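> Just dropping this structure here.
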Amino acid sequence: MLVNYIQSIMLTVLEIICCKIFFESFAEKRSENNWRNCSIILGTVICGYIIALLFYDQFVLKQMLAIVVIALFMSFYFKIHLKKAIIVSLLFQALLLSVDYFTLWLNVSLFHSVAEINESHFVGGSLITVLAKIILFLVVLLIRKKIGGESSDVLRSTDWLRFIFFPLLAIFTVIALFITS
């Protein structure tokens, strides 16, 4: 039970990191105040996690609340109006759901039923969930490169750090799944 909460928090953190990178394609940061920026990202993670817990079985309401909360926090984080933040948040949610449904389809095609995944292949299902977040991360980086106007041939040092950080985080998540199962 505790493992599910920890896994959910980690997935929320990864989604918010991808969301922040996605928003960077369309807006600039307001300031370099690291404490303020970190608290905004932390607030986004906490609110996103609470929304996911409270509205677990109400899909449409959960998506609408997530779009609004992400738009509010990202409008504070970036130099962006709330209307534009809602549109970008809507685009990100659509991307997130597309990647999640693609990996769900992959899951069902490999294991033939969702119930089978949950009962006998918890680690396999969790690995495919991590794969979904890796795919999301790569798609978001690709969108940032194409829309952000940067050359896709040359990666900045921050991009290399992201490429190193994300797989390491995924590897440690997989190791934690194997240890706990």
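Identifiers for the structure tokens are assigned positionally: chains receive A, B, ... in sequence, residues are indexed from 1 per chain, and ligands are indexed from 1 in the order shown.
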Name the residues in contact with segment 27-39 of chain A at a cut-off of 6 Å, using only C-alpha atoms, excluding same-chain residues fewer than 2 positions from it; report them as a list of chain:residue names.

A:Glu24, A:Ile41, A:Leu42, A:Gly43, A:Phe78, A:Lys79

> Using C-alpha atoms, can you export the residues from the last selection as a short mmCIF file (atom, residue, chain, number, x, y, z; two decimals), in the first residue's frame?


data_model
loop_
_atom_site.label_atom_id
_atom_site.label_comp_id
_atom_site.auth_asym_id
_atom_site.auth_seq_id
_atom_site.Cartn_x
_atom_site.Cartn_y
_atom_site.Cartn_z
CA GLU A 24 9.33 26.24 -21.41
CA ILE A 41 6.82 23.38 -8.61
CA LEU A 42 6.38 21.68 -5.23
CA GLY A 43 2.91 23.20 -4.91
CA PHE A 78 6.33 31.71 -16.32
CA LYS A 79 5.65 35.03 -18.04
#

> For Ala132 of chain A, which of A:Val108, A:Val99, A:Ile147, A:Leu72 is the closest residue, counting only C-alpha atoms?

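Among the listed residues, the smallest separation from Ala132 of chain A belongs to A:Val99.
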
> To one decimal in Å, tell me the separation between atom CA of Phe73 of chain A and atom CA of Val139 of chain A.

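One can read the atom CA of Phe73 of chain A to atom CA of Val139 of chain A distance as 22.1 Å.
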
> Quick one: residues within 9 Å of segment 55-64 of chain A, only C-alpha atoms counted, chain neighbours fewer than 5 positions away excluded, as JSON, numbers by chain?

{"A": [50, 69, 90, 93]}

> Select, from A:Ser89, A:Ser8, A:Ser98, A:Thr129, the residue with the minimum atom-to-atom distance to Phe26 of chain A, counting only C-alpha atoms.

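The answer is A:Ser89, which sits nearest to Phe26 of chain A.
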